[in-house]
Structure formats: structure tokens, C-alpha cells
Amino acid sequence: MKTVIVGAGTFGASLAWTLARAGEEVVLVDQFEPGDTRATSGGESRLIRCAHGADELYTASARRARALWRELEAESGAELMVEIGMAWFAQREDGWEAESERAMTAQGIPCERLDPREGTKLFPSLGIDDLAFVLFEPEAGVLRAQRAVQALTRQAVAHGARLVRGRATPEGDHAVLTASAAAAVACGALVDCERLEGDAVIWACGPWLNRLFGELVPLKVTQQELLFFDGGPAWRSPGTPGFVDYDLAMYGTGDLDDLGVKVAFDKEGPALDPDAELPRAGATEPIVREYLARRFPALADAPLKEGRCCRYELSADSNFIAARHPELERTWIVGGGSGHGFKHGPALAERVADALRGGTPLPERFGLGARAAGRSFRTAGSGVR
Ligand SMILES: Cc1cc2nc3c(=O)[nH]c(=O)nc-3n(C[C@H](O)[C@H](O)[C@H](O)COP(=O)(O)OP(=O)(O)OC[C@H]3O[C@@H](n4cnc5c(N)ncnc54)[C@H](O)[C@@H]3O)c2cc1C
């Protein structure tokens, strides 16, 4: 089977790696170098955790992905996943965290319910007045996202995939390169630069999908910020775990790779065109500092080292999109990461590869077209109360 994949983010590059290592013919196209910061997969780090409330599919998918990321590390020699552990701050006995605990326990995934006072041992300072408990996932952690995408692409190429640099548009069941034939030559690709044909053509174009396929892929593209604070050596990771405050829509990590303590306000930001320049970050600093004063008091006045902007591409119910085009036999669409897709890349790729070969159909909830709003698999996104 020959597969053309447009988009080398975590979804497209994972699929390229999965198919190529199985000996299949793959052409992987991207308008940028893999790992470019304009793609949603382009940041330095992304959390990997199995907790997904009561949802069995995503819980199992994250666990499977963890094993596949380890396989990629073994193949590539790159250290991509750092299991710093993750703390979920539960404000209620019956919320997302309790559901996650039940779902993970049922699947044999390690997790531990801590009294808030025990939770204080995990961080140099922790405000616990509002906490019912802390759910700790010891095998959760961080993926070095940009490096992971580059490793996926490199390994796909090592297994025989051809990488083409260019911007493609759908034309019937084909992908037509609309720019950068010269770049394709420059990067050593030998394919026909005009028209790419395969038994399957996969469009894994992140925030650009809506522009390519309109209402079949109704994604909301938003601007999100990541802030990095100088907390000093006490906040280094490993040592300090990652965290998610699901109900308060905040998440982050300790200081990994000297980037600073990462803290992000996860409420949906303003709309941002996929081709627009990423704006300067900083608008969320006041609300993040308010949160720090409450949850991590020692960081309340920590200097801001850096801020980054990036894009979410959100489906209405935060489920992914992975489905065949309703009118085009060979065309498939994969995306809708909805702020929680990175970690699942290789596991979603396994599912898609199986479906391409005529195996298990993709889950109905990954289907195309309009969807009703649903509970978020990221955070509640409702902001600090
Ligand atoms: C701030 C932030 C924090 C996040 N935190 C987490 C987290 O902690 N854990 C987690 O699991 N997930 C997280 N996510 C979500 C995750 O990063 C995304 O779900 C995932 O990266 C989406 O990957 P993708 O492959 O669908 O899209 P992308 O990475 O955007 O890849 C799409 C690719 O397609 C290419 N492309 C588009 N159109 C064309 C075209 N016409 N021709 C050629 N190439 C094209 C683009 O250049 C791009 O490289 C976060 C996202 C953001 C923004």
C-alpha cells in the first residue's frame, strides 16, 4: 500500500513512522520543517498522562502511546519522554480526578490518591486549602514535543519514507503541491512534485484542516499562551512533577531543560488564523500570577523568563477527528487534537493504519461534520473561580 500523508505534526509523522516501519510505501509532505513552532506540535514540551476522566478509550490510548514513544526512543536513540510524574488537584470527591482514578485502576495503570497534606511533599510550596485530594500519576510526565516530531520523521525516513517540503491542496483523491517544488528537490525528495497519488491520501494538517475541508472539519483555531517562570533550583524537573488543575483550567510542569517552571491558563483564547504570525505572549500573566499565589505561593513573584504563543485546533467535543472522506474513496482526514492530542500520536496512528488496511473501523466519535459540545479532555477551560 502506498500512502501520502500531508502534515508532519504528531499525527501525520506518527502515521508515517508506523506505516514505514511496517514496510509500507510512504510519502510525507509538510510546508515547514518538522517541529516548526508554527505547527501545533512544535513546542518544547507536552504532558503525557493517562487520566481522561471516565473515558476508557483515551485512557488506554495514552497508555499504549507511552509504550510506543519508548519504542521510538529505543529506535532513534533520543531521550523524548521524561516521567516526572503528574499531580491532579481535585477540588471535589466526585469530579474528573475521581473518575480518572477509577478508569486508570480498572486498566492497571499506576495512580495514587494522596491526602492534600501528603501532596505538599511533591512541590516546594503548595496551597491546599481548596483541595479534597491529589491524584498522583507516577508514570506520567513530559514529551519533548519538537524533538519527538523530528525523531518520528527521521525514523520514518530511515524506514524508507520520502519527505517532501511543500504546501499541498486536495484535488479529488490526490494531493497537489502548490508551492516549493524547488524545496522538495533541495531536501532530496525524488517524487513528482506536482501531483501525489497513493492508495490513501491522509490530510493531517492540524489547524489548517478547516481551511482545506470547510464544514466537514469544523475546528475552532485559538491562540494559547505558555508562561515560563524562574523558580530557581528547587523547582527543577525531574524532582518537581507536572500538574493539572482541571476545574481551574491551569496546568504546567516544573523546570525541565532549564526552560523555567511552565504554567498555562487553558481557557480558550481568541481566534487566530492558522497562517497569522504568532503574537507576543503575556496577556495571561495576571491570571496566572493570581493562580500561582493561590496554588504555588513561593512562585507568586517569580520572574517571568519567557512567554510563548501557540494554536489550539478545537473540535466541539474535544474528540479527535479520524475518518474517511464521505465522497472520496482514498481521502482520509486526521486531526482535531483539541489541546490534548500530542501524547496520543503513535497510538492514534496505529488505529488509523489498521483502518487503512481494512481492519477495525475508526471510532464513530472521530467522525467528520458538526458535533454537539462535550466535556473537555484537556481541562474544564472555564477559568479561575
Ligand atoms: C499550548 C499547547 C499546549 C498543549 N499541551 C498538550 C499537552 O500537554 N499534551 C498533549 O498531549 N497535547 C497538548 N497539546 C495539543 C497537541 O500539541 C496537539 O493536539 C497536536 O500537536 C496536534 O498535532 P497535529 O499533527 O494534528 O497538528 P500540527 O502539529 O499542527 O501538524 C500539522 C502539520 O500540517 C502541516 N500542514 C498544514 N497544512 C498543510 C498543507 N496544505 N500542505 C503541507 N503541509 C501542511 C503543518 O505545517 C503542520 O506541520 C497542546 C497544544 C498547544 C497549542
# chains A, B, ... in the order shown; residues from 1 in each chain; ligands from 1
$ residues_near_ligand --ligand "ligand 1" --cutoff "7 Å" --atoms "only C-alpha atoms and all ligand atoms" --output "number ranges by chain"
A: 6-12, 29-32, 34, 36, 39-42, 46-48, 166-169, 204-209, 224-226, 309-312, 334-344
$ residues_around --residues "A:Thr222" --least-positions-apart "5" --cutoff "8 Å" --atoms "only C-alpha atoms" --output "list in words"
Glu268, Gly269, Pro270, Ala271, Leu272, Asp273, Arg311, Tyr312, Glu313 and Leu314 of chain A
$ write_last_selection --atoms "C-alpha atoms" --output "mmCIF file, in the first residue's frame"
data_model
loop_
_atom_site.group_PDB
_atom_site.id
_atom_site.type_symbol
_atom_site.label_atom_id
_atom_site.label_comp_id
_atom_site.auth_asym_id
_atom_site.auth_seq_id
_atom_site.Cartn_x
_atom_site.Cartn_y
_atom_site.Cartn_z
ATOM 1 C CA GLU A 268 -9.944 29.025 25.079
ATOM 2 C CA GLY A 269 -8.078 32.062 23.809
ATOM 3 C CA PRO A 270 -9.064 34.458 21.000
ATOM 4 C CA ALA A 271 -9.456 33.176 17.436
ATOM 5 C CA LEU A 272 -6.216 33.067 15.438
ATOM 6 C CA ASP A 273 -5.863 32.363 11.720
ATOM 7 C CA ARG A 311 -2.552 27.447 18.478
ATOM 8 C CA TYR A 312 -5.212 25.035 19.552
ATOM 9 C CA GLU A 313 -7.431 23.420 16.924
ATOM 10 C CA LEU A 314 -10.525 22.522 18.878
#
$ closest_residue --among "A:Asp199, A:Glu171, A:Glu327, A:Glu24" --to "A:Leu216" --atoms "only C-alpha atoms"
A:Glu327
$ closest_residue --among "A:Ile84, A:Leu143, A:Leu152, A:Ala20" --to "A:Leu72" --atoms "only C-alpha atoms"
A:Leu152
$ closest_residue --among "A:Gly53, A:Ala373, A:Val288, A:Ala148" --to "A:Tyr251" --atoms "only C-alpha atoms"
A:Val288
$ residues_around --residues "A:Phe136" --least-positions-apart "2" --cutoff "7 Å" --atoms "only C-alpha atoms" --output "list of chain:residue names"
A:Met86, A:Ala87, A:Trp88, A:Cys111, A:Glu112, A:Arg113, A:Val134, A:Pro138
$ write_last_selection --atoms "C-alpha atoms" --output "mmCIF file, in the first residue's frame"
data_model
loop_
_atom_site.group_PDB
_atom_site.id
_atom_site.type_symbol
_atom_site.label_atom_id
_atom_site.label_comp_id
_atom_site.auth_asym_id
_atom_site.auth_seq_id
_atom_site.Cartn_x
_atom_site.Cartn_y
_atom_site.Cartn_z
ATOM 1 C CA MET A 86 1.853 14.292 37.469
ATOM 2 C CA ALA A 87 -0.377 15.662 40.189
ATOM 3 C CA TRP A 88 -4.082 16.301 39.592
ATOM 4 C CA CYS A 111 -2.033 6.078 40.278
ATOM 5 C CA GLU A 112 -2.240 7.076 43.910
ATOM 6 C CA ARG A 113 -4.775 9.136 45.853
ATOM 7 C CA VAL A 134 -4.339 14.957 44.996
ATOM 8 C CA PRO A 138 3.853 8.391 38.860
#
$ closest_residue --among "A:Gly231, A:Gly381, A:Gly95, A:Gly43" --to "A:Leu292" --atoms "only C-alpha atoms"
A:Gly231
$ closest_residue --among "A:Ala249, A:Met1, A:Met81, A:Leu348" --to "A:Ala145" --atoms "only C-alpha atoms"
A:Met81
$ closest_residue --among "A:Arg289, A:Lys2, A:Arg236, A:Arg211" --to "A:Phe265" --atoms "only C-alpha atoms"
A:Arg289
$ select_by_dssp --residues "stretch 69-282 of chain A" --states "helix (DSSP H, G or I)" --output "PyMOL selection string"
chain A and resi 69-76+96-106+116-122+145-158+181-186+206-216+233-235
$ decode --residues "stretch 11-51 of chain A" --atoms "N, CA and C atoms" --output "CSV table (one decimal), in the first residue's frame"
chain,number,residue,atom,x,y,z
A,11,PHE,N,0.4,13.8,14.6
A,11,PHE,CA,-0.5,12.8,14.0
A,11,PHE,C,0.1,12.3,12.6
A,12,GLY,N,0.5,13.2,11.7
A,12,GLY,CA,1.0,12.7,10.4
A,12,GLY,C,2.3,12.0,10.5
A,13,ALA,N,3.2,12.6,11.3
A,13,ALA,CA,4.6,12.0,11.4
A,13,ALA,C,4.5,10.6,12.1
A,14,SER,N,3.6,10.5,13.1
A,14,SER,CA,3.4,9.2,13.8
A,14,SER,C,2.9,8.1,12.8
A,15,LEU,N,2.0,8.6,11.9
A,15,LEU,CA,1.4,7.6,10.9
A,15,LEU,C,2.5,7.2,9.9
A,16,ALA,N,3.3,8.2,9.5
A,16,ALA,CA,4.4,7.9,8.6
A,16,ALA,C,5.4,6.9,9.2
A,17,TRP,N,5.7,7.1,10.5
A,17,TRP,CA,6.6,6.2,11.2
A,17,TRP,C,6.0,4.8,11.3
A,18,THR,N,4.7,4.7,11.6
A,18,THR,CA,4.0,3.5,11.8
A,18,THR,C,4.0,2.7,10.5
A,19,LEU,N,3.6,3.3,9.4
A,19,LEU,CA,3.4,2.6,8.2
A,19,LEU,C,4.8,2.3,7.6
A,20,ALA,N,5.8,3.2,7.7
A,20,ALA,CA,7.1,2.9,7.1
A,20,ALA,C,7.8,1.8,7.8
A,21,ARG,N,7.7,1.8,9.1
A,21,ARG,CA,8.4,0.7,9.9
A,21,ARG,C,7.7,-0.7,9.6
A,22,ALA,N,6.5,-0.6,9.1
A,22,ALA,CA,5.8,-1.9,8.7
A,22,ALA,C,6.1,-2.3,7.3
A,23,GLY,N,7.0,-1.5,6.7
A,23,GLY,CA,7.5,-1.8,5.3
A,23,GLY,C,6.6,-1.2,4.2
A,24,GLU,N,5.7,-0.3,4.6
A,24,GLU,CA,4.8,0.2,3.5
A,24,GLU,C,5.4,1.5,2.9
A,25,GLU,N,5.0,1.8,1.7
A,25,GLU,CA,5.5,3.0,1.0
A,25,GLU,C,4.8,4.2,1.5
A,26,VAL,N,5.6,5.2,1.9
A,26,VAL,CA,5.0,6.4,2.5
A,26,VAL,C,5.7,7.7,1.8
A,27,VAL,N,4.9,8.7,1.5
A,27,VAL,CA,5.3,10.0,1.2
A,27,VAL,C,4.8,11.0,2.2
A,28,LEU,N,5.7,11.7,2.9
A,28,LEU,CA,5.2,12.6,4.0
A,28,LEU,C,5.5,14.0,3.5
A,29,VAL,N,4.5,14.9,3.5
A,29,VAL,CA,4.6,16.2,2.9
A,29,VAL,C,4.4,17.2,4.1
A,30,ASP,N,5.2,18.3,4.2
A,30,ASP,CA,4.9,19.4,5.1
A,30,ASP,C,5.4,20.7,4.5
A,31,GLN,N,4.6,21.7,4.8
A,31,GLN,CA,5.0,23.1,4.3
A,31,GLN,C,6.2,23.6,5.0
A,32,PHE,N,6.4,23.1,6.3
A,32,PHE,CA,7.6,23.5,7.1
A,32,PHE,C,8.5,22.4,7.4
A,33,GLU,N,9.6,22.7,8.0
A,33,GLU,CA,10.5,21.6,8.6
A,33,GLU,C,9.7,21.0,9.7
A,34,PRO,N,9.8,19.7,9.9
A,34,PRO,CA,9.1,19.1,11.0
A,34,PRO,C,9.6,19.7,12.4
A,35,GLY,N,8.6,20.0,13.2
A,35,GLY,CA,9.0,20.6,14.5
A,35,GLY,C,8.9,22.1,14.5
A,36,ASP,N,8.5,22.7,13.4
A,36,ASP,CA,8.4,24.2,13.3
A,36,ASP,C,7.4,24.7,14.3
A,37,THR,N,7.7,25.8,14.9
A,37,THR,CA,6.9,26.3,16.0
A,37,THR,C,5.5,26.8,15.6
A,38,ARG,N,5.4,27.0,14.2
A,38,ARG,CA,4.0,27.4,13.7
A,38,ARG,C,3.0,26.2,13.7
A,39,ALA,N,3.5,25.0,13.8
A,39,ALA,CA,2.6,23.8,13.9
A,39,ALA,C,2.3,23.6,15.3
A,40,THR,N,1.1,23.0,15.6
A,40,THR,CA,0.7,22.8,16.9
A,40,THR,C,1.6,21.9,17.7
A,41,SER,N,2.3,21.0,17.0
A,41,SER,CA,3.1,20.0,17.7
A,41,SER,C,4.5,20.6,17.9
A,42,GLY,N,4.7,21.9,17.6
A,42,GLY,CA,6.1,22.5,17.6
A,42,GLY,C,6.7,22.9,18.9
A,43,GLY,N,6.0,22.9,20.0
A,43,GLY,CA,6.5,23.4,21.3
A,43,GLY,C,7.6,22.5,21.9
A,44,GLU,N,8.3,23.0,22.9
A,44,GLU,CA,9.3,22.1,23.5
A,44,GLU,C,8.8,20.9,24.3
A,45,SER,N,7.6,21.2,25.0
A,45,SER,CA,7.2,20.0,25.8
A,45,SER,C,5.7,19.9,25.8
A,46,ARG,N,5.2,18.7,26.0
A,46,ARG,CA,3.8,18.4,26.1
A,46,ARG,C,3.6,17.3,27.2
A,47,LEU,N,2.5,17.5,28.0
A,47,LEU,CA,2.3,16.5,29.0
A,47,LEU,C,1.8,15.2,28.4
A,48,ILE,N,2.3,14.1,29.0
A,48,ILE,CA,1.7,12.8,28.7
A,48,ILE,C,1.2,12.2,30.0
A,49,ARG,N,-0.1,11.9,30.0
A,49,ARG,CA,-0.8,11.3,31.2
A,49,ARG,C,-1.9,10.4,30.7
A,50,CYS,N,-2.3,9.5,31.6
A,50,CYS,CA,-3.3,8.6,31.2
A,50,CYS,C,-4.7,9.0,31.7
A,51,ALA,N,-4.8,9.8,32.7
A,51,ALA,CA,-6.1,10.3,33.3
A,51,ALA,C,-6.9,11.0,32.2
